[in-house]
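Participant: Sharing model_1.cif (mmCIF, C-alpha atoms and all ligand atoms) below.
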```cif
data_structure
#
loop_
_atom_site.label_atom_id
_atom_site.label_comp_id
_atom_site.auth_asym_id
_atom_site.auth_seq_id
_atom_site.Cartn_x
_atom_site.Cartn_y
_atom_site.Cartn_z
CA MET A 1310 -31.52 5.30 -35.01
CA ARG A 1311 -28.29 6.11 -36.87
CA LYS A 1312 -27.70 9.02 -34.51
CA THR A 1313 -28.18 6.74 -31.50
CA LEU A 1314 -25.75 4.18 -32.90
CA LEU A 1315 -23.21 6.89 -33.61
CA LEU A 1316 -23.59 8.23 -30.07
CA CYS A 1317 -23.09 4.73 -28.61
CA ALA A 1318 -19.95 4.29 -30.68
CA PHE A 1319 -18.53 7.57 -29.37
CA VAL A 1320 -19.38 6.71 -25.75
CA LEU A 1321 -17.79 3.25 -26.06
CA ALA A 1322 -14.71 4.68 -27.76
CA GLY A 1323 -14.36 7.24 -24.97
CA MET A 1324 -14.76 4.59 -22.28
CA SER A 1325 -12.15 2.27 -23.70
CA ALA A 1326 -9.73 5.16 -24.22
CA SER A 1327 -9.98 6.19 -20.56
CA ALA A 1328 -9.74 2.56 -19.36
CA TRP A 1329 -6.61 2.22 -21.47
CA ALA A 1330 -5.17 5.44 -20.08
CA GLN A 1331 -5.75 4.20 -16.50
CA GLU A 1332 -4.06 0.89 -17.22
CA GLU A 1333 -1.09 2.34 -19.05
CA GLU A 1334 -0.41 5.41 -16.92
CA PRO A 1335 -1.29 4.60 -13.32
CA VAL A 1336 1.68 6.54 -11.94
CA ALA A 1337 4.52 8.62 -13.35
CA PRO A 1338 7.40 6.51 -14.71
CA TYR A 1339 10.02 5.46 -12.15
CA GLU A 1340 12.85 3.01 -11.80
CA GLN A 1341 11.89 -0.24 -10.10
CA SER A 1342 14.23 -1.46 -7.39
CA ASP A 1343 14.02 -3.20 -4.01
CA ALA A 1344 15.92 -0.15 -2.74
CA ASN A 1345 12.61 1.76 -3.13
CA ALA A 1346 11.31 -0.22 -0.14
CA GLY A 1347 13.31 2.15 2.07
CA ALA A 1348 14.85 -0.44 4.42
CA GLN A 1349 16.71 -3.71 4.45
CA PRO A 1350 14.62 -6.86 4.92
CA ILE A 1351 14.48 -8.61 8.29
CA THR A 1352 16.45 -11.84 7.86
CA ASP A 1353 15.33 -13.63 11.04
CA PRO A 1354 13.14 -16.55 9.87
CA ASP A 1355 11.31 -16.48 13.22
CA VAL A 1356 9.77 -13.13 12.24
CA LEU A 1357 8.48 -14.47 8.91
CA ALA A 1358 7.10 -17.53 10.70
CA ALA A 1359 5.35 -15.29 13.27
CA PHE A 1360 3.59 -13.51 10.37
CA HIS A 1361 2.56 -16.92 8.97
CA GLY A 1362 4.66 -16.52 5.86
CA ARG A 1363 3.51 -14.97 2.61
CA GLU A 1364 -0.13 -16.00 3.14
CA GLY A 1365 -0.28 -14.29 6.51
CA ILE A 1366 1.30 -11.17 5.02
CA VAL A 1367 -1.36 -11.03 2.27
CA ARG A 1368 -4.10 -11.23 4.93
CA ILE A 1369 -2.45 -8.53 7.07
CA THR A 1370 -1.92 -6.19 4.11
CA ASN A 1371 -5.48 -6.52 2.84
CA ARG A 1372 -6.94 -6.11 6.33
CA THR A 1373 -4.84 -2.97 6.93
CA ILE A 1374 -6.06 -1.46 3.66
CA ASP A 1375 -9.68 -2.42 4.42
CA LEU A 1376 -9.45 -0.78 7.85
CA ALA A 1377 -7.84 2.34 6.34
CA LEU A 1378 -10.59 2.60 3.70
CA ALA A 1379 -13.29 2.26 6.38
CA ASP A 1380 -11.65 4.88 8.59
CA PRO A 1381 -13.43 8.27 8.41
CA GLN A 1382 -10.10 10.12 8.57
CA LEU A 1383 -7.99 7.90 6.25
CA GLY A 1384 -10.68 6.64 3.86
CA PRO A 1385 -11.03 9.89 1.89
CA ILE A 1386 -7.23 10.07 1.49
CA PHE A 1387 -6.98 6.54 0.06
CA GLN A 1388 -10.17 6.43 -2.02
CA PRO A 1389 -9.03 8.44 -5.07
CA PHE A 1390 -6.06 6.12 -5.64
CA ASP A 1391 -5.77 2.78 -7.42
CA MET A 1392 -6.44 0.26 -4.65
CA VAL A 1393 -5.73 -2.74 -6.90
CA ARG A 1394 -2.20 -1.43 -7.34
CA LEU A 1395 -1.85 -0.51 -3.64
CA ARG A 1396 -2.93 -3.99 -2.51
CA ARG A 1397 -0.24 -5.45 -4.75
CA THR A 1398 2.60 -3.02 -3.99
CA LEU A 1399 1.94 -2.74 -0.23
CA ASN A 1400 1.87 -6.53 -0.03
CA GLU A 1401 5.18 -6.71 -1.91
CA HIS A 1402 6.57 -4.03 0.41
CA PHE A 1403 5.63 -5.87 3.60
CA CYS A 1404 6.66 -9.24 2.15
CA TYR A 1405 10.06 -7.90 1.06
CA LEU A 1406 10.72 -6.22 4.44
CA LEU A 1407 9.62 -9.26 6.42
CA GLY A 1408 12.06 -11.48 4.55
CA GLY A 1409 9.39 -13.29 2.53
CA GLY A 1410 11.52 -13.20 -0.61
CA CYS A 1411 9.25 -10.88 -2.64
CA THR A 1412 10.44 -8.22 -5.05
CA TYR A 1413 9.15 -4.69 -4.41
CA THR A 1414 7.94 -3.04 -7.62
CA GLY A 1415 6.52 0.20 -6.18
CA ARG A 1416 7.95 3.68 -5.81
CA ASP A 1417 10.10 4.93 -2.96
CA MET A 1418 8.19 6.19 0.08
CA ARG A 1419 8.79 9.88 -0.62
CA ALA A 1420 7.58 9.68 -4.22
CA ALA A 1421 4.61 7.44 -3.34
CA HIS A 1422 3.28 9.88 -0.74
CA ALA A 1423 4.23 13.19 -2.36
CA GLY A 1424 1.49 15.81 -2.38
CA MET A 1425 -0.88 13.65 -0.32
CA GLY A 1426 -0.61 15.86 2.75
CA ALA A 1427 -0.53 12.94 5.22
CA GLN A 1428 0.01 14.14 8.78
CA THR A 1429 1.55 12.46 11.84
CA ARG A 1430 -1.90 11.55 13.13
CA ASP A 1431 -2.62 9.78 9.78
CA PHE A 1432 0.62 7.88 10.11
CA ASN A 1433 -0.29 6.86 13.67
CA LEU A 1434 -3.78 5.80 12.57
CA LEU A 1435 -2.37 3.62 9.81
CA VAL A 1436 0.05 2.01 12.28
CA ARG A 1437 -2.91 1.37 14.60
CA HIS A 1438 -4.78 -0.42 11.77
CA LEU A 1439 -1.68 -2.43 10.97
CA ARG A 1440 -1.45 -3.36 14.67
CA THR A 1441 -5.08 -4.55 14.59
CA ALA A 1442 -4.43 -6.60 11.44
CA MET A 1443 -1.32 -8.19 12.99
CA GLU A 1444 -3.22 -8.84 16.23
CA GLU A 1445 -6.03 -10.56 14.31
CA GLU A 1446 -3.43 -12.70 12.52
CA GLY A 1447 -2.06 -13.72 15.93
CA VAL A 1448 1.36 -12.12 15.46
CA PRO A 1449 2.98 -11.85 18.92
CA PHE A 1450 3.42 -8.28 20.20
CA ARG A 1451 7.21 -8.60 20.26
CA MET A 1452 7.23 -9.63 16.58
CA GLN A 1453 4.84 -6.80 15.68
CA ASN A 1454 7.35 -4.41 17.23
CA ARG A 1455 10.20 -5.87 15.18
CA PHE A 1456 8.29 -4.94 12.01
CA LEU A 1457 7.11 -1.53 13.25
CA ALA A 1458 10.71 -0.65 14.13
CA VAL A 1459 11.56 -1.09 10.42
CA LEU A 1460 8.61 1.06 9.30
CA ALA A 1461 8.94 3.85 11.90
CA PRO A 1462 11.83 5.72 10.20
CA MET A 1463 9.71 5.95 7.01
CA ARG A 1464 7.49 8.53 8.71
CA SER A 1465 9.72 11.41 7.59
CA ASP A 1466 9.18 10.36 3.95
CA VAL A 1467 5.42 9.84 4.30
CA VAL A 1468 4.62 12.97 6.34
CA PRO A 1469 5.81 16.22 4.74
CA ARG A 1470 7.74 18.58 6.99
C1 LIG B 1501 4.71 3.22 7.62
C2 LIG B 1501 3.79 3.85 6.96
C3 LIG B 1501 3.53 3.63 5.50
C4 LIG B 1501 4.05 2.72 4.64
C5 LIG B 1501 5.07 1.63 4.93
C6 LIG B 1501 3.44 2.94 3.35
C7 LIG B 1501 3.71 2.21 2.22
C8 LIG B 1501 3.18 2.47 0.99
C9 LIG B 1501 3.53 1.75 -0.22
C10 LIG B 1501 4.51 0.61 -0.30
C11 LIG B 1501 2.82 2.28 -1.23
C12 LIG B 1501 2.81 1.81 -2.69
C13 LIG B 1501 3.63 2.72 -3.59
C14 LIG B 1501 3.45 2.38 -5.04
O1 LIG B 1501 2.52 1.66 -5.40
O2 LIG B 1501 4.27 2.85 -5.85
C15 LIG B 1501 2.00 3.33 -0.66
C16 LIG B 1501 1.10 4.09 -1.37
C17 LIG B 1501 0.15 4.87 -0.77
N1 LIG B 1501 0.10 5.24 0.55
FE1 LIG B 1501 1.35 4.65 1.98
N2 LIG B 1501 2.55 3.98 3.45
C18 LIG B 1501 2.58 4.42 4.76
C19 LIG B 1501 1.83 5.45 5.27
C20 LIG B 1501 0.78 6.05 4.64
C21 LIG B 1501 -0.11 7.02 5.23
C22 LIG B 1501 -0.02 7.55 6.65
C23 LIG B 1501 -1.03 7.33 4.25
C24 LIG B 1501 -2.19 8.28 4.28
C25 LIG B 1501 -2.72 8.82 5.25
C26 LIG B 1501 -0.70 6.57 3.08
C27 LIG B 1501 -1.40 6.62 1.90
C28 LIG B 1501 -1.01 6.00 0.73
C29 LIG B 1501 -1.74 6.12 -0.51
C30 LIG B 1501 -3.05 6.87 -0.73
C31 LIG B 1501 -1.00 5.41 -1.48
C32 LIG B 1501 -1.30 5.25 -2.97
C33 LIG B 1501 -0.53 6.30 -3.75
C34 LIG B 1501 -0.61 6.15 -5.26
O3 LIG B 1501 -1.05 5.10 -5.75
O4 LIG B 1501 -0.22 7.09 -5.97
N3 LIG B 1501 0.40 5.81 3.34
N4 LIG B 1501 2.25 3.42 0.69
#
```
Before anything else, please render the file you have as structure tokens.
Ligand code: HEM
Facilitator:
Amino acid sequence: MRKTLLLCAFVLAGMSASAWAQEEEPVAPYEQSDANAGAQPITDPDVLAAFHGREGIVRITNRTIDLALADPQLGPIFQPFDMVRLRRTLNEHFCYLLGGGCTYTGRDMRAAHAGMGAQTRDFNLLVRHLRTAMEEEGVPFRMQNRFLAVLAPMRSDVVPR
């Protein structure tokens, strides 16, 4: 009985230590700045309205991530990472760039995707899922293109040469 109790104590101690480590050290330290978003925000209020403001952006971000996770090619790339963090930082990223007045707290695009080995076809797949999410939200094609034009130059930081 004492041995079992001792074992339980060790297991619990180990679990809380690793949970703590995950919470405290999700990514290597970096300096937070909106400049990490990699582009200037769109200032045209018509674009933000077309995305249905911050609420629409949350729906589009989550849907894009859900589609990426369900994708046989992209899913295995995303799965090992902290999706709670990604949902937050990707939403901030999109919200900042679409002029929604959010602050971006994530890393710059090069640092965030370093060592991941994403290829051009992965980039194109992710854009396709984002298109689907924007389509489902009812964002007009022209407005989708305004946003994609801001994201397109980020490819060279996401896909290693
Ligand atoms: C225009 C294209 C893309 C944009 C705008 C983008 C944006 C972002 C942002 C804002 C983050 C959060 C960084 C942070 O939390 O510090 C992130 C992380 C991530 N991205 Fe992307 N990304 C793009 C393309 C891709 C592609 C093509 C892949 C994979 C095939 C990918 C996989 C990931 C993964 C797995 C993470 C989590 C990394 C981590 O937590 O360490 N991304 N991305």
Participant: With all atoms listed in the file counted and 8 Å as the cut-off, give the residues of chain A in contact with ligand LIG 1501 (chain B), each with its shortest interatomic distance in Å and the pair that gives it, as JSON lines.
Facilitator:
```
{"residue": "A:Pro1335", "atom": "CA", "partner": "B:LIG1501", "partner_atom": "O3", "distance": 7.6}
{"residue": "A:Val1336", "atom": "CA", "partner": "B:LIG1501", "partner_atom": "O4", "distance": 6.3}
{"residue": "A:Ala1346", "atom": "CA", "partner": "B:LIG1501", "partner_atom": "C10", "distance": 6.9}
{"residue": "A:Leu1383", "atom": "CA", "partner": "B:LIG1501", "partner_atom": "C25", "distance": 5.4}
{"residue": "A:Ile1386", "atom": "CA", "partner": "B:LIG1501", "partner_atom": "C30", "distance": 5.7}
{"residue": "A:Phe1387", "atom": "CA", "partner": "B:LIG1501", "partner_atom": "C30", "distance": 4.0}
{"residue": "A:Gln1388", "atom": "CA", "partner": "B:LIG1501", "partner_atom": "C30", "distance": 7.2}
{"residue": "A:Pro1389", "atom": "CA", "partner": "B:LIG1501", "partner_atom": "C30", "distance": 7.6}
{"residue": "A:Phe1390", "atom": "CA", "partner": "B:LIG1501", "partner_atom": "O3", "distance": 5.1}
{"residue": "A:Asp1391", "atom": "CA", "partner": "B:LIG1501", "partner_atom": "O3", "distance": 5.5}
{"residue": "A:Met1392", "atom": "CA", "partner": "B:LIG1501", "partner_atom": "O3", "distance": 7.3}
{"residue": "A:Arg1394", "atom": "CA", "partner": "B:LIG1501", "partner_atom": "O1", "distance": 6.0}
{"residue": "A:Leu1395", "atom": "CA", "partner": "B:LIG1501", "partner_atom": "O1", "distance": 5.2}
{"residue": "A:Arg1397", "atom": "CA", "partner": "B:LIG1501", "partner_atom": "O1", "distance": 7.7}
{"residue": "A:Thr1398", "atom": "CA", "partner": "B:LIG1501", "partner_atom": "O1", "distance": 4.9}
{"residue": "A:Leu1399", "atom": "CA", "partner": "B:LIG1501", "partner_atom": "C10", "distance": 4.2}
{"residue": "A:Asn1400", "atom": "CA", "partner": "B:LIG1501", "partner_atom": "C10", "distance": 7.6}
{"residue": "A:Glu1401", "atom": "CA", "partner": "B:LIG1501", "partner_atom": "C10", "distance": 7.5}
{"residue": "A:His1402", "atom": "CA", "partner": "B:LIG1501", "partner_atom": "C10", "distance": 5.1}
{"residue": "A:Phe1403", "atom": "CA", "partner": "B:LIG1501", "partner_atom": "C5", "distance": 7.6}
{"residue": "A:Thr1414", "atom": "CA", "partner": "B:LIG1501", "partner_atom": "O2", "distance": 7.2}
{"residue": "A:Gly1415", "atom": "CA", "partner": "B:LIG1501", "partner_atom": "O2", "distance": 3.5}
{"residue": "A:Arg1416", "atom": "CA", "partner": "B:LIG1501", "partner_atom": "O2", "distance": 3.8}
{"residue": "A:Asp1417", "atom": "CA", "partner": "B:LIG1501", "partner_atom": "O2", "distance": 6.8}
{"residue": "A:Met1418", "atom": "CA", "partner": "B:LIG1501", "partner_atom": "C8", "distance": 6.3}
{"residue": "A:Ala1420", "atom": "CA", "partner": "B:LIG1501", "partner_atom": "O2", "distance": 7.8}
{"residue": "A:Ala1421", "atom": "CA", "partner": "B:LIG1501", "partner_atom": "C13", "distance": 4.8}
{"residue": "A:His1422", "atom": "CA", "partner": "B:LIG1501", "partner_atom": "N1", "distance": 5.8}
{"residue": "A:Met1425", "atom": "CA", "partner": "B:LIG1501", "partner_atom": "C30", "distance": 7.1}
{"residue": "A:Gly1426", "atom": "CA", "partner": "B:LIG1501", "partner_atom": "C25", "distance": 7.8}
{"residue": "A:Ala1427", "atom": "CA", "partner": "B:LIG1501", "partner_atom": "C25", "distance": 4.7}
{"residue": "A:Gln1428", "atom": "CA", "partner": "B:LIG1501", "partner_atom": "C22", "distance": 6.9}
{"residue": "A:Thr1429", "atom": "CA", "partner": "B:LIG1501", "partner_atom": "C22", "distance": 7.3}
{"residue": "A:Arg1430", "atom": "CA", "partner": "B:LIG1501", "partner_atom": "C22", "distance": 7.8}
{"residue": "A:Asp1431", "atom": "CA", "partner": "B:LIG1501", "partner_atom": "C25", "distance": 4.6}
{"residue": "A:Phe1432", "atom": "CA", "partner": "B:LIG1501", "partner_atom": "C22", "distance": 3.5}
{"residue": "A:Asn1433", "atom": "CA", "partner": "B:LIG1501", "partner_atom": "C22", "distance": 7.1}
{"residue": "A:Leu1434", "atom": "CA", "partner": "B:LIG1501", "partner_atom": "C22", "distance": 7.2}
{"residue": "A:Leu1435", "atom": "CA", "partner": "B:LIG1501", "partner_atom": "C22", "distance": 5.6}
{"residue": "A:Val1436", "atom": "CA", "partner": "B:LIG1501", "partner_atom": "C1", "distance": 6.7}
{"residue": "A:Leu1457", "atom": "CA", "partner": "B:LIG1501", "partner_atom": "C1", "distance": 7.7}
{"residue": "A:Leu1460", "atom": "CA", "partner": "B:LIG1501", "partner_atom": "C1", "distance": 4.8}
{"residue": "A:Ala1461", "atom": "CA", "partner": "B:LIG1501", "partner_atom": "C1", "distance": 6.1}
{"residue": "A:Pro1462", "atom": "CA", "partner": "B:LIG1501", "partner_atom": "C1", "distance": 8.0}
{"residue": "A:Met1463", "atom": "CA", "partner": "B:LIG1501", "partner_atom": "C1", "distance": 5.7}
{"residue": "A:Arg1464", "atom": "CA", "partner": "B:LIG1501", "partner_atom": "C1", "distance": 6.1}
{"residue": "A:Val1467", "atom": "CA", "partner": "B:LIG1501", "partner_atom": "C19", "distance": 5.8}
{"residue": "A:Val1468", "atom": "CA", "partner": "B:LIG1501", "partner_atom": "C22", "distance": 7.1}
```
Participant: Of the candidates A:Pro1469, A:Gly1365, A:Gly1347, A:Pro1385, which shows the shortest atom-to-atom distance to Gly1447 of chain A, using only C-alpha atoms?
Facilitator: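 Of the candidates, the smallest distance to Gly1447 of chain A is held by A:Gly1365.
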Participant: If I take atom CA of Ser1342 of chain A and atom CA of Asp1466 of chain A, how far is one from the other in Å, to one decimal?
Facilitator: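 It comes out at 17.1 Å.
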Participant: Tell me which of A:Ala1377, A:Ala1348, A:Ala1359, A:Ala1337 sits closest to Thr1441 of chain A, counting all atoms listed in the file.
Facilitator: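 Ranked by minimum distance to Thr1441 of chain A, first place goes to A:Ala1377.
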Participant: Taking 4 positions as the minimum chain separation for residues in the same chain, which residues sit within 7 Å of Thr1373 of chain A when counting all atoms listed in the file? Answer as a list in words.
Facilitator: Ile1369, Ala1377, His1438, Leu1439 and Ala1442 of chain A
Participant: A:Asp1355, A:Ser1465, A:Glu1444, A:Asp1375: which is nearest Ala1423 of chain A, counting only C-alpha atoms?
Facilitator: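 Looking at the shortest contact to Ala1423 of chain A, the residue is A:Ser1465.
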Participant: If I take atom CA of Asn1454 of chain A and atom CA of Gly1424 of chain A, how far is one from the other in Å, to one decimal?
Facilitator: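 One can read the atom CA of Asn1454 of chain A to atom CA of Gly1424 of chain A distance as 28.8 Å.
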Participant: Could you tell me how far atom CA of Thr1352 of chain A sits from atom CA of Tyr1413 of chain A, in Å to one decimal place?
Facilitator: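 Answer for the atom CA of Tyr1413 of chain A to atom CA of Thr1352 of chain A separation: 16.0 Å.
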Participant: Quick one: residues within 8 Å of Gln1453 of chain A, only C-alpha atoms, excluding same-chain residues fewer than 4 positions away - as a list in words?
Facilitator: Arg1440, Met1443, Val1448, Pro1449 and Leu1457 of chain A
Participant: Please identify all polymer residues lying at most 12 Å from the point (13.4, -13.6, 7.4) (file coordinates), using all atoms listed in the file, and present the result as a PyMOL selection string.
Facilitator: chain A and resi 1349-1363+1403-1411+1452+1455-1456
Participant: Where atoms are missing, can you supply all heavy atoms for segment 1387-1398 of chain A and output the lot as a PDB file, in the coordinates of the input?
Facilitator:
```
ATOM      1  N   PHE A1387      -7.316   7.716   0.884  1.00  0.00           N
ATOM      2  CA  PHE A1387      -6.980   6.540   0.060  1.00  0.00           C
ATOM      3  C   PHE A1387      -7.883   6.402  -1.171  1.00  0.00           C
ATOM      4  O   PHE A1387      -7.434   5.960  -2.231  1.00  0.00           O
ATOM      5  CB  PHE A1387      -7.079   5.258   0.894  1.00  0.00           C
ATOM      6  CG  PHE A1387      -5.865   5.011   1.741  1.00  0.00           C
ATOM      7  CD1 PHE A1387      -5.716   5.617   2.981  1.00  0.00           C
ATOM      8  CD2 PHE A1387      -4.845   4.179   1.296  1.00  0.00           C
ATOM      9  CE1 PHE A1387      -4.586   5.401   3.764  1.00  0.00           C
ATOM     10  CE2 PHE A1387      -3.712   3.952   2.071  1.00  0.00           C
ATOM     11  CZ  PHE A1387      -3.591   4.565   3.309  1.00  0.00           C
ATOM     12  N   GLN A1388      -9.179   6.742  -0.979  1.00  0.00           N
ATOM     13  CA  GLN A1388     -10.170   6.430  -2.020  1.00  0.00           C
ATOM     14  C   GLN A1388      -9.839   6.857  -3.447  1.00  0.00           C
ATOM     15  O   GLN A1388     -10.101   6.098  -4.372  1.00  0.00           O
ATOM     16  CB  GLN A1388     -11.552   6.973  -1.614  1.00  0.00           C
ATOM     17  CG  GLN A1388     -12.427   5.874  -1.023  1.00  0.00           C
ATOM     18  CD  GLN A1388     -13.309   6.370   0.103  1.00  0.00           C
ATOM     19  OE1 GLN A1388     -13.656   7.554   0.145  1.00  0.00           O
ATOM     20  NE2 GLN A1388     -13.672   5.490   1.016  1.00  0.00           N
ATOM     21  N   PRO A1389      -9.260   8.048  -3.670  1.00  0.00           N
ATOM     22  CA  PRO A1389      -9.030   8.440  -5.070  1.00  0.00           C
ATOM     23  C   PRO A1389      -7.957   7.615  -5.777  1.00  0.00           C
ATOM     24  O   PRO A1389      -7.826   7.704  -6.996  1.00  0.00           O
ATOM     25  CB  PRO A1389      -8.559   9.904  -4.967  1.00  0.00           C
ATOM     26  CG  PRO A1389      -8.780  10.326  -3.564  1.00  0.00           C
ATOM     27  CD  PRO A1389      -8.872   9.095  -2.739  1.00  0.00           C
ATOM     28  N   PHE A1390      -7.191   6.823  -5.031  1.00  0.00           N
ATOM     29  CA  PHE A1390      -6.060   6.120  -5.640  1.00  0.00           C
ATOM     30  C   PHE A1390      -6.445   4.704  -6.078  1.00  0.00           C
ATOM     31  O   PHE A1390      -7.511   4.205  -5.719  1.00  0.00           O
ATOM     32  CB  PHE A1390      -4.878   6.087  -4.671  1.00  0.00           C
ATOM     33  CG  PHE A1390      -4.294   7.455  -4.417  1.00  0.00           C
ATOM     34  CD1 PHE A1390      -4.708   8.215  -3.342  1.00  0.00           C
ATOM     35  CD2 PHE A1390      -3.362   7.994  -5.290  1.00  0.00           C
ATOM     36  CE1 PHE A1390      -4.191   9.483  -3.116  1.00  0.00           C
ATOM     37  CE2 PHE A1390      -2.831   9.260  -5.071  1.00  0.00           C
ATOM     38  CZ  PHE A1390      -3.248  10.008  -3.978  1.00  0.00           C
ATOM     39  N   ASP A1391      -5.555   4.110  -6.852  1.00  0.00           N
ATOM     40  CA  ASP A1391      -5.770   2.780  -7.420  1.00  0.00           C
ATOM     41  C   ASP A1391      -5.510   1.717  -6.334  1.00  0.00           C
ATOM     42  O   ASP A1391      -4.348   1.395  -6.044  1.00  0.00           O
ATOM     43  CB  ASP A1391      -4.799   2.616  -8.607  1.00  0.00           C
ATOM     44  CG  ASP A1391      -4.901   1.262  -9.269  1.00  0.00           C
ATOM     45  OD1 ASP A1391      -5.593   0.376  -8.730  1.00  0.00           O
ATOM     46  OD2 ASP A1391      -4.281   1.092 -10.334  1.00  0.00           O
ATOM     47  N   MET A1392      -6.591   1.200  -5.766  1.00  0.00           N
ATOM     48  CA  MET A1392      -6.440   0.260  -4.650  1.00  0.00           C
ATOM     49  C   MET A1392      -5.992  -1.132  -5.115  1.00  0.00           C
ATOM     50  O   MET A1392      -5.455  -1.900  -4.322  1.00  0.00           O
ATOM     51  CB  MET A1392      -7.746   0.152  -3.848  1.00  0.00           C
ATOM     52  CG  MET A1392      -8.036   1.369  -3.014  1.00  0.00           C
ATOM     53  SD  MET A1392      -6.732   1.701  -1.783  1.00  0.00           S
ATOM     54  CE  MET A1392      -6.120   3.272  -2.329  1.00  0.00           C
ATOM     55  N   VAL A1393      -6.210  -1.447  -6.372  1.00  0.00           N
ATOM     56  CA  VAL A1393      -5.730  -2.740  -6.900  1.00  0.00           C
ATOM     57  C   VAL A1393      -4.200  -2.712  -6.874  1.00  0.00           C
ATOM     58  O   VAL A1393      -3.544  -3.635  -6.398  1.00  0.00           O
ATOM     59  CB  VAL A1393      -6.263  -3.010  -8.320  1.00  0.00           C
ATOM     60  CG1 VAL A1393      -5.635  -4.267  -8.910  1.00  0.00           C
ATOM     61  CG2 VAL A1393      -7.776  -3.122  -8.294  1.00  0.00           C
ATOM     62  N   ARG A1394      -3.661  -1.584  -7.362  1.00  0.00           N
ATOM     63  CA  ARG A1394      -2.200  -1.430  -7.340  1.00  0.00           C
ATOM     64  C   ARG A1394      -1.682  -1.425  -5.901  1.00  0.00           C
ATOM     65  O   ARG A1394      -0.720  -2.116  -5.582  1.00  0.00           O
ATOM     66  CB  ARG A1394      -1.800  -0.119  -8.033  1.00  0.00           C
ATOM     67  CG  ARG A1394      -0.304   0.154  -7.929  1.00  0.00           C
ATOM     68  CD  ARG A1394       0.051   1.550  -8.403  1.00  0.00           C
ATOM     69  NE  ARG A1394       1.412   1.867  -8.023  1.00  0.00           N
ATOM     70  CZ  ARG A1394       2.490   1.624  -8.771  1.00  0.00           C
ATOM     71  NH1 ARG A1394       2.349   1.082  -9.950  1.00  0.00           N
ATOM     72  NH2 ARG A1394       3.692   1.924  -8.354  1.00  0.00           N
ATOM     73  N   LEU A1395      -2.351  -0.633  -5.015  1.00  0.00           N
ATOM     74  CA  LEU A1395      -1.850  -0.510  -3.640  1.00  0.00           C
ATOM     75  C   LEU A1395      -1.846  -1.869  -2.936  1.00  0.00           C
ATOM     76  O   LEU A1395      -0.904  -2.192  -2.215  1.00  0.00           O
ATOM     77  CB  LEU A1395      -2.660   0.509  -2.838  1.00  0.00           C
ATOM     78  CG  LEU A1395      -2.133   0.748  -1.420  1.00  0.00           C
ATOM     79  CD1 LEU A1395      -0.724   1.325  -1.427  1.00  0.00           C
ATOM     80  CD2 LEU A1395      -3.053   1.644  -0.615  1.00  0.00           C
ATOM     81  N   ARG A1396      -2.898  -2.666  -3.156  1.00  0.00           N
ATOM     82  CA  ARG A1396      -2.930  -3.990  -2.510  1.00  0.00           C
ATOM     83  C   ARG A1396      -1.720  -4.812  -2.963  1.00  0.00           C
ATOM     84  O   ARG A1396      -1.130  -5.547  -2.179  1.00  0.00           O
ATOM     85  CB  ARG A1396      -4.238  -4.720  -2.824  1.00  0.00           C
ATOM     86  CG  ARG A1396      -5.405  -4.204  -1.992  1.00  0.00           C
ATOM     87  CD  ARG A1396      -6.703  -4.952  -2.255  1.00  0.00           C
ATOM     88  NE  ARG A1396      -7.839  -4.193  -1.775  1.00  0.00           N
ATOM     89  CZ  ARG A1396      -8.261  -4.172  -0.501  1.00  0.00           C
ATOM     90  NH1 ARG A1396      -7.662  -4.910   0.402  1.00  0.00           N
ATOM     91  NH2 ARG A1396      -9.297  -3.429  -0.140  1.00  0.00           N
ATOM     92  N   ARG A1397      -1.373  -4.682  -4.227  1.00  0.00           N
ATOM     93  CA  ARG A1397      -0.240  -5.450  -4.750  1.00  0.00           C
ATOM     94  C   ARG A1397       1.089  -4.901  -4.204  1.00  0.00           C
ATOM     95  O   ARG A1397       1.881  -5.646  -3.635  1.00  0.00           O
ATOM     96  CB  ARG A1397      -0.231  -5.402  -6.293  1.00  0.00           C
ATOM     97  CG  ARG A1397       0.999  -6.051  -6.927  1.00  0.00           C
ATOM     98  CD  ARG A1397       0.866  -6.130  -8.435  1.00  0.00           C
ATOM     99  NE  ARG A1397       0.696  -4.832  -9.078  1.00  0.00           N
ATOM    100  CZ  ARG A1397       1.664  -3.976  -9.325  1.00  0.00           C
ATOM    101  NH1 ARG A1397       2.912  -4.251  -8.985  1.00  0.00           N
ATOM    102  NH2 ARG A1397       1.414  -2.822  -9.925  1.00  0.00           N
ATOM    103  N   THR A1398       1.287  -3.576  -4.353  1.00  0.00           N
ATOM    104  CA  THR A1398       2.600  -3.020  -3.990  1.00  0.00           C
ATOM    105  C   THR A1398       2.823  -2.998  -2.468  1.00  0.00           C
ATOM    106  O   THR A1398       3.939  -3.220  -2.013  1.00  0.00           O
ATOM    107  CB  THR A1398       2.813  -1.615  -4.594  1.00  0.00           C
ATOM    108  OG1 THR A1398       1.684  -0.798  -4.279  1.00  0.00           O
ATOM    109  CG2 THR A1398       3.005  -1.676  -6.086  1.00  0.00           C
TER     110      THR A1398
END
```
